[in-house]
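> Before we start, here is the structure in question, set down as structure tokens.
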Amino acid sequence: MNLLIFLLALVLAIVVGRPRWPRVLRLGALAALVVLMVAAPYISKSPGVLFDALTAMTVAYGWNFIGGYAGYPAFGNVAFLGLGAFVAAGFMSKQPHHPHLPWYVGITLGVIITTLFSALVGIVVLRLRGHYFAIATLGVGIAMPEIINWTAIFKSFFGGGLPLNFPLVRGFDLLGLHLSADRFFYYLALIAAFFSVGLTAWLSRTKFGYSLLAIRENEEAAEVMGINTTIAKVEAYMLSAALAALGGAIVGYRLTNMTTESSAIFNPINNLQMIIIVLIGGLATVWGPWVGAVILFGIQELIQTLAGSILEWQGIVFSAIIIVVVLFLPSGVMQLVRARARITWQLFLHNLLEYRV
Amino acid sequence: MEYVQHIVNGVLAGFLLALVALGFSMVWGILNIINLAHAAFIMMGAFLSYYMWQKIGLDPFLGLPITMVALFVVGFLLQKYVINLVIRASLLVTLLLTFGIEGLAINLALRLFTANTRAVRPSYANASLALGSLRLPYTLLIGAGVTILLTLLLYLFLDHTWTGRSIRALALDRTAASLIGIDIGRTYALTFGIGAALAGAAGTLIATYNGFSPGSFDPYNVLAFSIVVLGGLGSIPGALVGGLVFGLVSEFASVYALPQREVIIFAILILVLVVRPTGLLGKRGYNI
């Protein structure tokens, strides 16, 4: 069932994202997509996989701002995913010495504080370019769990080395409507994902979006044209951190018990995942991360159905996908969706050989 | 006297780190690639030494040439048939490709070898040379000797052979190098192969010095990068100096029970990058 939902979500997103097709058709597909995603937890028996896809997508939409639009190879956004989760948990936890705030306050604080923190990091690391930037951000990702476990400063706010727990969710009532915990989390993730799509669609058409693309193409030229590149870059980095924190806080909330060792949070796989999703879909496109996430999780679901278990193979499959996509389709699936000419195998061969020596 | 011992420990560990950085520095300086698969090569070297030692009882240091040749072949083929395809593409592409290769190698190793911690323990592993009250473990001493020898050999190769000179010519100007008849693809592959061989040697040293598992090699990419940044890109003595500095810093960090090595190294890296950004970003023309 999940496979069918993934397939439909993919096809509909492709229709929406294909600029050559009539506007009415694309808007209709968008409406159908919204209906499908809202109805999904009632169709699917295990909406957990859909939840994973939507949160990963949210994080990937964040990465798309810095890695896609601004073209800065950030390799450590898992730091913000984790920080968002831990800050939210710190404010929401029922454990002693925690304020136990409601979830919407906790998650909002998680996003805001992480975003502010990312601004501080961004001002420093965005002075670097290219390789230097990539490795500095990789370092941010490696250092973050150590910082969170730094009890000398944070005392027990982040658990102090012990598990930090979100309050357990049994269900959710809104205007007389009862949602099971699973569905509550699903809709939380769905709202986050739709918010990310909307934000990307909007910002990519603003002056800000174009200035990021200008920075990606030629930073000096962008500067000369009057773009304050430092501010634009830091803003893109903050956006990427905000969406990473949003996705992370929701993931952590569903996970409930967290340590910095939890595989759902500070996992190198998570770090890889957001990049692969954007890469498969297409860098700097509105529907790219959506398409990428649906394809990636669709493939996982397929392997799961066929082979029984995915966990041991996940890293291998992900890495293999990166290699294949980088070699054969570096502009992602959206390159095919937007293509004007007929798609033949020559396109892949051309992609493969374009930059050889 | 205790301080002297710590300094000696730091210097000996520093030689090992220098070897970790040496191949990375060469690949970065000449191919303009940040090779995120470097740690995977180190891992392969460690596992190769481990299995040669365990299955046929070959001493890890005697097996070093075999490990290096094997890793050279792996690196050469990888560059020749895969990385050469994208070497002129944007930075993100080469980064992602080596990132993918690293992930593939490490995850395959996790499947093949499990996440158990292993160590190569030859008979002299726990023995050390006593100089007064100083203790110099034999494995680290031999490791330092290996590093010095390989650094010298690399220097002689790059400075005194035609192949070495063509590699350096390529780093200066690819078009000019190709005009005077240097086979670019092959020379790149050769450089990458040498880088992988040096990483394999570092892996052997690490295997005799520390316990290791497929997952324990991840930090070596950031470490190698930091050492190269500190020591200076494209400089053989730079890698050596950077390695020694980091060895001493790690040693004294553990003496004073400061936060983990990764955090300190990262702090130094950020400090260097921020204090001297122009000096470090000075090298333009990355999109060769």
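Letters for chains follow the order of the structure tokens (A, B, ...), residue numbers begin at 1 for each chain, and ligand numbers begin at 1 in the order shown.
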If you count only C-alpha atoms, which residues fall within 8 Å of Arg26 in chain A, apart from same-chain ones fewer than 3 positions away, as a ChimeraX atom specification?
/A:15-18,21-23,29-30
> Skip Asn270 in chain A itself and residues of its chain fewer than 4 positions away, then list as a PyMOL selection string all residues within 12 Å of it, counting only C-alpha atoms.
chain A and resi 52-53+55-57+59-60+63+75-82+141+244+247-248+251+262-266+274-277+314-315+318
> What does the file look like for those residues with N, CA and C atoms, as a compact mmCIF listing (two decimals), in the first residue's frame?

```
# COMPACT_ATOMS: atom_id res chain seq x y z
N ASP A 52 8.64 8.90 7.97
CA ASP A 52 10.10 9.01 7.76
C ASP A 52 10.40 9.78 6.47
N ALA A 53 9.63 9.46 5.42
CA ALA A 53 9.88 10.13 4.13
C ALA A 53 9.61 11.63 4.25
N THR A 55 9.60 13.63 6.98
CA THR A 55 10.56 14.37 7.81
C THR A 55 11.90 14.49 7.09
N ALA A 56 12.32 13.40 6.44
CA ALA A 56 13.58 13.47 5.70
C ALA A 56 13.48 14.51 4.60
N MET A 57 12.31 14.59 4.00
CA MET A 57 12.07 15.56 2.93
C MET A 57 12.18 16.98 3.46
N VAL A 59 13.93 18.03 6.01
CA VAL A 59 15.35 18.30 6.25
C VAL A 59 16.06 18.56 4.91
N ALA A 60 15.68 17.77 3.90
CA ALA A 60 16.32 17.91 2.59
C ALA A 60 15.96 19.26 1.95
N TRP A 63 18.35 21.62 3.28
CA TRP A 63 19.69 21.50 2.67
C TRP A 63 19.70 22.10 1.27
N PHE A 75 28.13 19.83 4.63
CA PHE A 75 28.11 18.40 4.92
C PHE A 75 27.77 18.09 6.37
N GLY A 76 27.35 19.09 7.13
CA GLY A 76 27.15 18.83 8.55
C GLY A 76 25.79 19.23 9.08
N ASN A 77 24.77 19.28 8.21
CA ASN A 77 23.48 19.75 8.67
C ASN A 77 22.82 18.82 9.68
N VAL A 78 23.36 17.60 9.80
CA VAL A 78 22.84 16.69 10.81
C VAL A 78 22.99 17.33 12.20
N ALA A 79 23.96 18.24 12.33
CA ALA A 79 24.15 18.94 13.60
C ALA A 79 22.89 19.71 13.98
N PHE A 80 22.26 20.37 13.01
CA PHE A 80 21.08 21.17 13.30
C PHE A 80 19.85 20.29 13.50
N LEU A 81 19.81 19.21 12.76
CA LEU A 81 18.74 18.23 12.97
C LEU A 81 18.77 17.78 14.43
N GLY A 82 19.96 17.42 14.91
CA GLY A 82 20.10 16.92 16.27
C GLY A 82 19.85 18.01 17.30
N GLY A 141 29.25 18.89 12.15
CA GLY A 141 28.45 17.68 12.36
C GLY A 141 29.09 16.73 13.35
N ALA A 244 16.02 21.76 9.07
CA ALA A 244 16.64 20.57 9.66
C ALA A 244 16.17 20.40 11.10
N GLY A 247 12.46 19.23 11.15
CA GLY A 247 12.38 17.79 10.89
C GLY A 247 12.93 16.98 12.06
N GLY A 248 14.06 17.42 12.59
CA GLY A 248 14.70 16.70 13.70
C GLY A 248 13.83 16.67 14.93
N VAL A 251 11.04 14.21 14.41
CA VAL A 251 11.56 12.84 14.48
C VAL A 251 11.83 12.45 15.93
N SER A 262 21.51 7.84 19.61
CA SER A 262 20.32 7.32 18.93
C SER A 262 20.51 7.36 17.43
N SER A 263 20.15 6.25 16.79
CA SER A 263 20.45 6.16 15.36
C SER A 263 19.54 7.06 14.53
N ALA A 264 18.42 7.53 15.10
CA ALA A 264 17.54 8.38 14.30
C ALA A 264 18.04 9.82 14.27
N ILE A 265 18.96 10.18 15.17
CA ILE A 265 19.35 11.58 15.29
C ILE A 265 20.73 11.82 14.67
N PHE A 266 21.79 11.67 15.47
CA PHE A 266 23.14 11.96 14.96
C PHE A 266 23.69 10.75 14.22
N MET A 274 19.88 13.58 3.47
CA MET A 274 19.34 14.83 2.96
C MET A 274 20.02 15.21 1.65
N ILE A 275 21.32 14.90 1.55
CA ILE A 275 22.04 15.26 0.34
C ILE A 275 21.59 14.37 -0.81
N ILE A 276 21.44 13.07 -0.53
CA ILE A 276 21.02 12.16 -1.60
C ILE A 276 19.64 12.54 -2.12
N ILE A 277 18.74 12.89 -1.18
CA ILE A 277 17.38 13.22 -1.59
C ILE A 277 17.40 14.39 -2.57
N GLN A 314 21.11 -0.37 4.21
CA GLN A 314 20.80 1.03 3.95
C GLN A 314 22.02 1.83 3.51
N GLY A 315 23.11 1.74 4.29
CA GLY A 315 24.31 2.50 3.96
C GLY A 315 24.85 2.14 2.60
N PHE A 318 22.43 3.48 -0.13
CA PHE A 318 22.54 4.94 -0.23
C PHE A 318 23.80 5.34 -0.97
```
> Can you work out which one of A:Arg342, A:Arg216, A:Lys94, A:His100 has the shortest atom-to-atom distance to chain B, counting only C-alpha atoms?
A:Arg216
> Thr259 in chain A: which residues within 9 Å, counting only C-alpha atoms, same-chain residues fewer than 6 positions away excluded, as a PDB file with C-alpha atoms, in the first residue's frame?

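Everything below was put into part-v4.pdb:
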```pdb
ATOM      1  CA  PHE A  86      17.530  18.134  21.721  1.00  0.00           C
ATOM      2  CA  PHE A 158      20.335  17.883  27.211  1.00  0.00           C
ATOM      3  CA  GLY A 159      20.148  14.839  29.452  1.00  0.00           C
ATOM      4  CA  GLY A 161      24.760  11.881  28.975  1.00  0.00           C
ATOM      5  CA  LEU A 162      21.605  10.104  30.136  1.00  0.00           C
ATOM      6  CA  PRO A 163      18.616   9.625  27.824  1.00  0.00           C
ATOM      7  CA  LEU A 164      16.519  12.729  27.322  1.00  0.00           C
ATOM      8  CA  ASN A 165      12.832  11.985  26.888  1.00  0.00           C
ATOM      9  CA  ILE A 265      19.349  11.580  15.289  1.00  0.00           C
TER      10      ILE A 265
END
```
> Residues within 7 Å of range 77-92 of chain B, please, as an NGL selection string. Count only C-alpha atoms; anything in the same chain fewer than 5 positions from it doesn't count.
(:A and (73 or 130 or 352-353 or 355-357)) or (:B and (185-186 or 189 or 192 or 288))
> Print the selection's residues with C-alpha atoms to a file, as a short mmCIF file (atom, residue, chain, number, x, y, z; two decimals), in the first residue's frame.

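Written out: again_36.cif:
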```cif
data_model
loop_
_atom_site.label_atom_id
_atom_site.label_comp_id
_atom_site.auth_asym_id
_atom_site.auth_seq_id
_atom_site.Cartn_x
_atom_site.Cartn_y
_atom_site.Cartn_z
CA PRO A 73 28.50 22.03 -0.11
CA GLY A 130 34.61 25.25 -1.59
CA LEU A 352 28.73 10.52 -17.85
CA LEU A 353 31.31 11.75 -20.31
CA TYR A 355 33.50 16.28 -17.60
CA ARG A 356 36.03 13.52 -18.22
CA VAL A 357 39.73 14.08 -18.82
CA GLY B 185 44.29 10.68 -17.21
CA ARG B 186 47.13 8.28 -16.50
CA ALA B 189 45.47 7.89 -11.78
CA PHE B 192 45.65 9.01 -6.78
CA ILE B 288 40.97 23.45 -13.21
#
```
> Please determine, counting only C-alpha atoms, which residue among A:Phe328, A:Phe195, A:Tyr104, A:Phe65 has the shortest atom-to-atom distance to chain B.
A:Phe328
> Between A:Leu279, A:Ile227, A:Val234, A:Ile295, which has the minimum distance to Leu327 in chain A (counting only C-alpha atoms)?
A:Leu279
> Any chance you could list, as number ranges by chain, the residues in range 66-192 of chain A that come up strand (DSSP E) when DSSP is run on the backbone?
A: 164-165, 171-174, 177-180
> Using DSSP assignments from the backbone, pull out every residue in range 217-357 of chain A that falls under helix (DSSP H, G or I) and give it to me as a PyMOL selection string.
chain A and resi 217+219-224+229-255+268-281+288-307+311-328+333-338+345-353
> Do me a favour and pick out the residues of chain A within 9 Å of chain B, using only C-alpha atoms, as a ChimeraX atom specification.
/A:67,71-73,124-125,127-132,134-136,138-140,142-144,146-147,150,272,275,312-324,326-327,330,352-357
> Can you write out as JSON lines which residues of range 252-342 of chain A fall within 12 Å of range 180-190 of chain A, alongside each residue's closest atom pair and its distance in Å to one decimal, counting only C-alpha atoms and ordering rows by chain and ascending residue number?

```
{"residue": "A:Gly252", "atom": "CA", "partner": "A:Phe185", "partner_atom": "CA", "distance": 10.7}
{"residue": "A:Tyr253", "atom": "CA", "partner": "A:Phe185", "partner_atom": "CA", "distance": 8.4}
{"residue": "A:Arg254", "atom": "CA", "partner": "A:Phe185", "partner_atom": "CA", "distance": 6.7}
{"residue": "A:Leu255", "atom": "CA", "partner": "A:Phe185", "partner_atom": "CA", "distance": 10.4}
{"residue": "A:Thr256", "atom": "CA", "partner": "A:Phe185", "partner_atom": "CA", "distance": 11.7}
{"residue": "A:Trp290", "atom": "CA", "partner": "A:Leu190", "partner_atom": "CA", "distance": 11.7}
```
